[in-house]
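Here is input_19.txt, consisting of compact mmCIF, C-alpha atoms:
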# COMPACT_ATOMS: atom_id res chain seq x y z
CA MET S 220 64.74 -101.34 5.97
CA LYS S 221 65.45 -99.96 9.45
CA LYS S 222 65.02 -96.23 9.99
CA ILE S 223 66.28 -95.58 13.51
CA ALA S 224 65.17 -92.85 15.88
CA PHE S 225 66.72 -92.29 19.31
CA VAL S 226 64.41 -90.83 21.96
CA PHE S 227 65.59 -89.49 25.31
CA PRO S 228 63.48 -89.42 28.49
CA GLY S 229 62.66 -86.45 30.65
CA GLN S 230 61.88 -85.76 34.27
CA GLY S 231 59.77 -88.48 35.86
CA SER S 232 61.95 -91.31 34.53
CA GLN S 233 64.47 -91.06 37.37
CA TYR S 234 64.96 -93.82 39.94
CA ALA S 235 67.58 -94.73 42.54
CA GLY S 236 70.13 -97.01 40.89
CA MET S 237 69.89 -95.51 37.41
CA GLY S 238 73.14 -95.68 35.49
CA LYS S 239 74.87 -97.93 38.03
CA SER S 240 74.90 -100.99 35.77
CA LEU S 241 76.26 -98.90 32.90
CA TYR S 242 79.01 -97.52 35.13
CA GLU S 243 79.99 -100.98 36.36
CA ASN S 244 80.02 -102.63 32.95
CA PHE S 245 81.29 -100.05 30.45
CA LYS S 246 84.41 -97.92 30.64
CA ILE S 247 82.92 -95.25 28.40
CA ALA S 248 80.03 -94.87 30.86
CA ARG S 249 82.47 -94.53 33.74
CA ASP S 250 84.21 -91.77 31.83
CA VAL S 251 80.88 -89.93 31.41
CA PHE S 252 79.97 -90.07 35.09
CA ASP S 253 83.48 -89.18 36.22
CA SER S 254 83.64 -86.19 33.88
CA ALA S 255 80.17 -85.09 35.03
CA GLU S 256 81.42 -84.93 38.61
CA GLU S 257 84.36 -82.81 37.53
CA ILE S 258 81.98 -80.44 35.75
CA LEU S 259 79.31 -80.19 38.46
CA LYS S 260 81.57 -80.50 41.53
CA TRP S 261 79.16 -82.75 43.41
CA ASP S 262 78.55 -86.49 43.85
CA ILE S 263 76.29 -87.31 40.92
CA LYS S 264 77.17 -91.02 41.12
CA GLY S 265 75.99 -91.10 44.71
CA LEU S 266 72.76 -89.39 43.70
CA CYS S 267 72.05 -91.66 40.71
CA PHE S 268 73.20 -94.96 42.19
CA ASP S 269 72.08 -94.63 45.84
CA ASN S 270 69.96 -91.47 46.08
CA LYS S 271 72.35 -90.01 48.64
CA GLU S 272 70.86 -87.09 50.57
CA ASP S 273 67.46 -88.01 49.08
CA LYS S 274 67.75 -85.46 46.26
CA ILE S 275 66.89 -87.59 43.25
CA ASN S 276 63.40 -86.08 42.97
CA LEU S 277 64.50 -82.47 43.48
CA THR S 278 64.24 -80.83 40.06
CA GLU S 279 67.61 -79.08 40.32
CA TYR S 280 69.34 -82.45 40.76
CA THR S 281 66.96 -84.70 38.83
CA GLN S 282 67.59 -82.96 35.53
CA PRO S 283 71.41 -83.27 35.37
CA ALA S 284 71.17 -86.83 36.74
CA ILE S 285 68.88 -87.94 33.91
CA LEU S 286 71.01 -86.16 31.33
CA VAL S 287 74.21 -87.89 32.52
CA THR S 288 72.58 -91.33 32.56
CA SER S 289 71.11 -90.81 29.10
CA PHE S 290 74.40 -89.51 27.69
CA ALA S 291 76.27 -92.53 29.09
CA ALA S 292 73.76 -94.90 27.45
CA TRP S 293 74.11 -93.03 24.15
CA LYS S 294 77.91 -93.25 24.26
CA ILE S 295 77.71 -97.03 24.67
CA LEU S 296 75.43 -97.34 21.64
CA ALA S 297 77.65 -95.03 19.59
CA GLU S 298 80.70 -97.10 20.48
CA GLU S 299 78.92 -100.12 18.99
CA GLY S 300 78.16 -98.18 15.81
CA ILE S 301 74.43 -97.94 16.51
CA VAL S 302 73.49 -94.44 15.41
CA PRO S 303 70.14 -92.77 14.70
CA GLU S 304 68.87 -90.97 11.63
CA VAL S 305 66.82 -88.62 13.82
CA VAL S 306 66.70 -87.75 17.53
CA ALA S 307 64.05 -86.45 19.91
CA GLY S 308 63.73 -85.93 23.64
CA HIS S 309 60.76 -85.43 25.93
CA SER S 310 61.08 -82.03 27.65
CA LEU S 311 64.41 -82.27 29.53
CA GLY S 312 65.29 -85.16 27.19
CA GLU S 313 65.59 -82.69 24.34
CA TYR S 314 68.89 -81.56 25.87
CA SER S 315 70.22 -85.14 25.79
CA ALA S 316 69.09 -85.41 22.17
CA ILE S 317 70.88 -82.18 21.23
CA VAL S 318 74.16 -83.30 22.82
CA ALA S 319 73.88 -86.71 21.13
CA ALA S 320 73.31 -85.01 17.77
CA GLY S 321 76.36 -82.79 18.22
CA GLY S 322 74.35 -79.62 18.69
CA ALA S 323 76.18 -78.55 21.84
CA ALA S 324 78.94 -79.76 24.15
CA PHE S 325 78.08 -82.03 27.08
CA SER S 326 80.33 -79.90 29.31
CA GLU S 327 78.20 -76.80 28.61
CA ILE S 328 74.76 -78.38 28.55
CA LEU S 329 75.16 -80.31 31.81
CA PRO S 330 75.51 -77.36 34.21
CA SER S 331 72.88 -75.46 32.22
CA VAL S 332 70.21 -78.07 32.91
CA GLN S 333 70.94 -77.83 36.62
CA SER S 334 70.27 -74.10 36.33
CA ARG S 335 67.14 -74.87 34.35
CA GLY S 336 65.84 -77.12 37.12
CA ARG S 337 66.63 -74.57 39.79
CA TYR S 338 64.93 -71.73 37.90
CA MET S 339 61.85 -73.88 37.31
CA GLN S 340 61.64 -74.77 41.00
CA GLU S 341 62.04 -71.15 42.06
CA ALA S 342 59.40 -69.83 39.64
CA VAL S 343 56.42 -71.10 41.65
CA PRO S 344 56.28 -71.47 45.46
CA LYS S 345 56.11 -75.05 46.70
CA GLY S 346 52.54 -76.32 46.82
CA LYS S 347 51.20 -73.58 44.57
CA GLY S 348 51.67 -75.46 41.30
CA MET S 349 50.28 -78.78 40.12
CA MET S 350 50.30 -81.23 37.22
CA ALA S 351 47.85 -84.01 36.37
CA ALA S 352 47.52 -86.62 33.66
CA ILE S 353 44.15 -86.95 31.93
CA LEU S 354 43.42 -90.14 30.01
CA GLY S 355 40.64 -90.82 27.57
CA LEU S 356 39.81 -87.32 26.32
CA SER S 357 40.79 -85.63 23.06
CA LYS S 358 43.13 -82.64 22.97
CA GLU S 359 40.20 -80.43 21.98
CA ILE S 360 38.16 -81.39 25.03
CA VAL S 361 41.12 -81.09 27.40
CA THR S 362 41.92 -77.66 25.98
CA GLU S 363 38.29 -76.61 26.49
CA VAL S 364 38.34 -77.93 30.07
CA CYS S 365 41.47 -75.91 30.83
CA GLU S 366 39.98 -72.76 29.32
CA ASN S 367 36.88 -73.13 31.50
CA ALA S 368 38.96 -73.72 34.64
CA SER S 369 41.28 -70.82 33.96
CA VAL S 370 38.98 -68.43 35.84
CA LEU S 371 40.76 -69.75 38.95
CA GLY S 372 44.28 -69.26 37.61
CA VAL S 373 46.68 -70.51 34.97
CA VAL S 374 45.98 -74.02 33.67
CA ALA S 375 46.80 -75.45 30.25
CA PRO S 376 47.86 -78.62 28.46
CA ALA S 377 51.56 -79.20 29.17
CA ASN S 378 52.30 -82.53 27.50
CA PHE S 379 50.39 -84.05 24.58
CA ASN S 380 51.83 -87.51 25.24
CA THR S 381 49.54 -89.72 23.14
CA PHE S 382 46.29 -89.19 21.27
CA ASP S 383 44.36 -89.55 24.54
CA GLN S 384 46.91 -89.02 27.32
CA ILE S 385 47.43 -85.35 28.07
CA VAL S 386 49.14 -83.78 31.06
CA ILE S 387 47.81 -80.45 32.29
CA ALA S 388 49.66 -78.00 34.51
CA GLY S 389 49.21 -74.69 36.27
CA SER S 390 48.19 -73.20 39.59
CA ALA S 391 46.90 -75.80 42.04
CA ASP S 392 43.34 -74.44 42.28
CA ALA S 393 42.90 -74.18 38.53
CA VAL S 394 44.30 -77.65 37.87
CA SER S 395 42.01 -79.13 40.53
CA LYS S 396 39.02 -77.48 38.87
CA ALA S 397 40.11 -78.75 35.44
CA MET S 398 40.33 -82.26 36.87
CA GLU S 399 36.73 -81.98 38.08
CA LEU S 400 35.57 -80.76 34.68
CA ALA S 401 37.51 -83.52 32.89
CA LYS S 402 35.78 -86.12 35.04
CA GLU S 403 32.41 -84.64 34.08
CA LYS S 404 33.46 -84.88 30.41
CA GLY S 405 34.07 -88.61 30.78
CA ALA S 406 37.80 -88.93 31.32
CA LYS S 407 38.75 -92.58 31.80
CA LYS S 408 41.37 -91.77 34.41
CA ILE S 409 42.82 -88.67 36.07
CA VAL S 410 46.13 -88.93 37.90
CA PRO S 411 47.58 -86.07 39.96
CA LEU S 412 51.35 -86.11 39.46
CA ASN S 413 53.89 -85.87 42.25
CA VAL S 414 55.34 -82.70 40.71
CA SER S 415 54.91 -79.20 42.07
CA VAL S 416 56.57 -77.41 39.14
CA PRO S 417 53.93 -76.57 36.50
CA SER S 418 56.21 -77.07 33.51
CA HIS S 419 55.41 -75.90 29.98
CA THR S 420 52.95 -73.21 31.00
CA GLN S 421 53.06 -69.43 31.23
CA LEU S 422 53.96 -69.81 34.92
CA MET S 423 57.45 -70.64 33.64
CA LYS S 424 57.82 -67.29 31.86
CA VAL S 425 60.24 -65.87 34.44
CA SER S 426 62.23 -69.11 34.35
CA SER S 427 62.37 -68.92 30.57
CA GLU S 428 63.66 -65.37 30.67
CA ARG S 429 66.33 -66.23 33.25
CA PHE S 430 67.31 -69.40 31.42
CA SER S 431 67.64 -67.67 28.06
CA GLU S 432 70.61 -65.81 29.51
CA VAL S 433 72.23 -69.15 30.35
CA LEU S 434 71.65 -70.38 26.81
CA ASP S 435 73.23 -67.20 25.47
CA GLY S 436 76.50 -68.43 26.96
CA ILE S 437 76.38 -71.80 25.18
CA LYS S 438 77.78 -72.36 21.72
CA PHE S 439 75.26 -74.27 19.61
CA PHE S 440 76.16 -75.99 16.34
CA ASP S 441 74.26 -76.98 13.22
CA ILE S 442 73.63 -80.71 13.37
CA LYS S 443 73.82 -83.50 10.80
CA THR S 444 71.48 -85.77 12.75
CA PRO S 445 68.10 -83.99 12.59
CA LEU S 446 66.17 -83.14 15.75
CA ILE S 447 62.39 -83.06 15.97
CA THR S 448 61.52 -80.40 18.52
CA ASN S 449 58.98 -80.52 21.34
CA VAL S 450 57.59 -77.06 20.79
CA ASP S 451 56.93 -77.22 17.04
CA ALA S 452 56.96 -80.98 16.32
CA LYS S 453 59.11 -80.31 13.28
CA ILE S 454 62.59 -81.34 12.23
CA VAL S 455 65.39 -78.80 12.57
CA ASN S 456 69.12 -78.79 11.84
CA LEU S 457 70.21 -75.19 12.39
CA SER S 458 71.76 -74.03 15.65
CA SER S 459 69.50 -70.97 15.81
CA ASP S 460 66.38 -73.15 15.57
CA ILE S 461 67.67 -75.48 18.27
CA LYS S 462 68.37 -72.69 20.72
CA GLY S 463 65.07 -70.95 19.99
CA SER S 464 63.08 -74.12 20.59
CA LEU S 465 64.70 -74.62 24.00
CA ILE S 466 63.76 -71.12 25.13
CA ARG S 467 60.14 -71.51 24.00
CA GLN S 468 59.89 -75.03 25.36
CA LEU S 469 59.53 -73.93 29.00
CA THR S 470 56.32 -71.99 28.37
CA ASN S 471 54.74 -74.15 25.64
CA PRO S 472 53.39 -77.71 25.62
CA VAL S 473 55.44 -80.74 24.66
CA ARG S 474 53.91 -82.01 21.40
CA TRP S 475 55.20 -85.54 21.83
CA CYS S 476 52.33 -87.39 20.17
CA GLU S 477 52.53 -85.17 17.11
CA SER S 478 56.32 -85.51 16.98
CA MET S 479 56.26 -89.31 17.14
CA SER S 480 53.35 -89.68 14.71
CA THR S 481 55.23 -87.41 12.30
CA LEU S 482 58.29 -89.66 12.50
CA ILE S 483 56.19 -92.79 12.01
CA ASN S 484 54.52 -91.24 8.97
CA MET S 485 58.00 -90.42 7.63
CA GLY S 486 58.88 -94.11 7.76
CA TYR S 487 60.81 -94.33 11.03
CA ASN S 488 60.16 -97.85 12.24
CA THR S 489 62.82 -98.52 14.88
CA PHE S 490 62.83 -96.52 18.11
CA ILE S 491 65.38 -96.79 20.91
CA GLU S 492 64.72 -95.09 24.24
CA VAL S 493 68.12 -94.02 25.52
CA GLY S 494 68.24 -93.37 29.26
CA PRO S 495 66.49 -94.31 32.50
CA GLY S 496 63.08 -95.94 32.55
CA ARG S 497 60.68 -96.96 29.82
CA VAL S 498 58.14 -94.15 29.89
CA LEU S 499 58.66 -93.18 26.26
CA THR S 500 58.62 -96.82 25.18
CA GLY S 501 55.06 -97.11 26.47
CA LEU S 502 53.95 -93.83 24.92
CA ILE S 503 55.38 -94.58 21.49
CA ARG S 504 53.95 -98.08 21.48
CA LYS S 505 50.50 -96.64 22.23
CA ILE S 506 50.84 -93.98 19.51
CA ALA S 507 51.90 -96.59 16.93
CA ARG S 508 49.04 -98.89 17.92
CA ASP S 509 46.51 -96.10 17.52
CA MET S 510 47.99 -95.42 14.07
CA ASP S 511 47.93 -99.14 13.12
CA ALA S 512 51.68 -98.79 12.49
CA LYS S 513 54.19 -101.58 12.92
CA ILE S 514 57.36 -100.50 14.71
CA ASP S 515 60.18 -102.05 16.70
CA ILE S 516 60.96 -100.37 20.00
CA MET S 517 63.76 -101.01 22.48
CA ASN S 518 65.44 -99.26 25.35
CA VAL S 519 68.92 -98.93 26.84
CA GLU S 520 69.18 -98.09 30.53
CA ASP S 521 71.47 -100.84 31.89
CA ALA S 522 73.74 -103.66 30.70
CA ASP S 523 70.89 -106.14 30.25
CA SER S 524 68.72 -103.81 28.16
CA PHE S 525 71.78 -102.81 26.11
CA ASN S 526 72.61 -106.42 25.31
CA LYS S 527 68.98 -107.16 24.45
CA THR S 528 68.82 -104.11 22.17
CA LEU S 529 72.09 -105.11 20.52
CA GLU S 530 70.69 -108.57 19.74
CA THR S 531 67.35 -107.19 18.54
CA ILE S 532 68.79 -104.49 16.31
CA LYS S 533 70.77 -107.07 14.39
CA VAL S 534 67.68 -109.02 13.40
CA CYS S 535 64.87 -106.45 13.21
Take the structure in this file and express it as structure tokens.
Amino acid sequence: MKKIAFVFPGQGSQYAGMGKSLYENFKIARDVFDSAEEILKWDIKGLCFDNKEDKINLTEYTQPAILVTSFAAWKILAEEGIVPEVVAGHSLGEYSAIVAAGGAAFSEILPSVQSRGRYMQEAVPKGKGMMAAILGLSKEIVTEVCENASVLGVVAPANFNTFDQIVIAGSADAVSKAMELAKEKGAKKIVPLNVSVPSHTQLMKVSSERFSEVLDGIKFFDIKTPLITNVDAKIVNLSSDIKGSLIRQLTNPVRWCESMSTLINMGYNTFIEVGPGRVLTGLIRKIARDMDAKIDIMNVEDADSFNKTLETIKVC
């Protein structure tokens, strides 16, 4: 029996052209993008479809752009009666998941994520922060490496993406030192990320404090579709838990691997990535493989992937 989970991507999944196929092929997607422009008062279609003004990789604009594209994809699935039994989102994607689950209004969440991106960008001067992906080491070893490198500044695990893919973040000098130490420990691969905002570390404390005031102005609701949170990797339904997890999320690591392995152990066997890119598809497939678990995984980011998912979901 299918147990369906929807997962929503975060920053790093953006690309020029995202959402364009949805807008051109589905009225409900057009309604989402058009309403987003009314809310934000700027050309989000131009940003998503053509990368006008070359802002698609600027955090302040990236975050609302991904949210709008993900929400449009979700609306198309919902219109077809394809609904999840649980939702999750990777970092920024948690906001898409909350809106999809009915935990807050799209019209309130959308401008808030633009503020979130701006506060994150302003928290650390450009060039002073850094993130890097470390592959092939356990969480214990990566944590130890970060602790040893922290004499040079803040550095800590930011994303536990799979059992052996962990993103670290912090001040540039400390992250560089941690990368050296990880190589000495036998890391298979180390990839500096093209991101200057050291998300999910204590360097985001000021951002978290500023952003909590924004969240105070949003009305959150208890949800019927459970959410598994990044910060605790546990399922929540209450509005107070949802809001609290978002505040803590900025300064704590994304426990994605633990979240997805929890869902797999609970019997969730059908995952649909809802939004741009296929980053989460790859991560979840790797997690399931390491667990020797059999799952079906699809994605919806354009008309072709939607049609393929629609066909697959009917037979899987």
Per residue of segment 470-505 of chain S within 9 Å of segment 404-424 of chain S, note the shortest atom pair and the distance in Å to one decimal, counting all atoms listed in the file, and order the rows by chain and increasing residue number, as JSON lines.
{"residue": "S:Thr470", "atom": "CA", "partner": "S:His419", "partner_atom": "CA", "distance": 4.3}
{"residue": "S:Asn471", "atom": "CA", "partner": "S:His419", "partner_atom": "CA", "distance": 4.7}
{"residue": "S:Pro472", "atom": "CA", "partner": "S:His419", "partner_atom": "CA", "distance": 5.1}
{"residue": "S:Val473", "atom": "CA", "partner": "S:His419", "partner_atom": "CA", "distance": 7.2}
Contacts of Glu359 of chain S within 12 Å, all atoms listed in the file, excl. fewer than 3 positions in-chain, as JSON, numbers by chain: {"S": [355, 356, 362, 363, 364, 365, 366, 375, 376, 379, 382, 383, 385, 401, 404]}
Could you jot down the atom CA of Thr281 of chain S to atom CA of Ser232 of chain S separation for me, Å, one decimal place?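 Going from atom CA of Thr281 of chain S over to atom CA of Ser232 of chain S, I get 9.3 Å.
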Selection near segment 439-455 of chain S, 7 Å with all atoms listed in the file, sequence-local residues under 4 positions removed, as a list in words: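 Neighbouring residues, sequence-local ones excluded: Glu304, Val305, Val306, Ala307, His309, Ser310, Ala320, Gly321, Gly322, Ala323, Asp460, Ile461, Ser464, Arg467, Gln468, Asn471, Pro472, Val473, Arg474, Trp475, Glu477 and Ser478 of chain S.
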Just the residues within 12 Å of segment 296-301 of chain S, please, counting only C-alpha atoms, with nothing from its chain fewer than 3 positions along; format it as number ranges by chain. S: 221-225, 241, 245-248, 289-293, 304, 319-320, 489-494, 518-522, 524-526, 528-533
Quick one, how far is atom CA of Ile516 of chain S from atom CA of Gln233 of chain S?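 Here the two named atoms are 20.0 Å from each other.
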So how far away is atom CA of Leu502 of chain S from atom CA of Lys294 of chain S, in Å?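 Atom CA of Leu502 of chain S lies 24.0 Å from atom CA of Lys294 of chain S.
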Identify which of the residues S:Gln230, S:Gln340, S:Thr278, S:Ser395 lies closest to Gly308 of chain S, counting only C-alpha atoms when measuring atom-to-atom distances.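 Looking only at the distances to Gly308 of chain S, the closest residue turns out to be S:Gln230.
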If we count only C-alpha atoms, what is near segment 270-272 of chain S at a cut-off of 8 Å, once residues fewer than 3 positions away on the same chain are taken out, given as a CSV table (one decimal) with C-alpha atoms, in the coordinates of the input?
chain,number,residue,atom,x,y,z
S,235,ALA,CA,67.6,-94.7,42.5
S,236,GLY,CA,70.1,-97.0,40.9
S,265,GLY,CA,76.0,-91.1,44.7
S,266,LEU,CA,72.8,-89.4,43.7
S,267,CYS,CA,72.0,-91.7,40.7
S,275,ILE,CA,66.9,-87.6,43.2
I'd like to know which of S:Gly229, S:Pro303, S:Gly389, S:Pro330 is closest to Leu499 of chain S, using all atoms listed in the file. S:Gly229
Pick out the closest residue to Phe227 of chain S from this set: S:Asp435, S:Glu313, S:Asp273, S:Asp253. Count all atoms listed in the file. S:Glu313
Put a box with edges along x, y and z around all the listed atoms of segment 347-361 of chain S, pad it by 5 Å on each side, then give me its centre and sizes in Å, one decimal, as AutoDock Vina command-line options.
--center_x 44.9 --center_y -82.2 --center_z 33.3 --size_x 23.5 --size_y 27.2 --size_z 32.6
For Glu341 of chain S, please output as a PyMOL selection string all residues within 9 Å (counting only C-alpha atoms; exclusion window: fewer than 4 positions along the same chain). chain S and resi 336-337+345+416+426
Take the residues from that selection and put them in a file with C-alpha atoms, as a PDB file, keeping the file's coordinate frame.
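Written output follows (part_7.pdb):
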ATOM      1  CA  GLY S 336      65.840 -77.120  37.120  1.00  0.00           C
ATOM      2  CA  ARG S 337      66.630 -74.570  39.790  1.00  0.00           C
ATOM      3  CA  LYS S 345      56.110 -75.050  46.700  1.00  0.00           C
ATOM      4  CA  VAL S 416      56.570 -77.410  39.140  1.00  0.00           C
ATOM      5  CA  SER S 426      62.230 -69.110  34.350  1.00  0.00           C
TER       6      SER S 426
END
Using all atoms listed in the file, which of the listed residues (S:Val287, S:Lys264, S:Tyr280, S:Val386) sits closest to Val251 of chain S?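 Checking each candidate against Val251 of chain S, we get S:Val287 as the closest.
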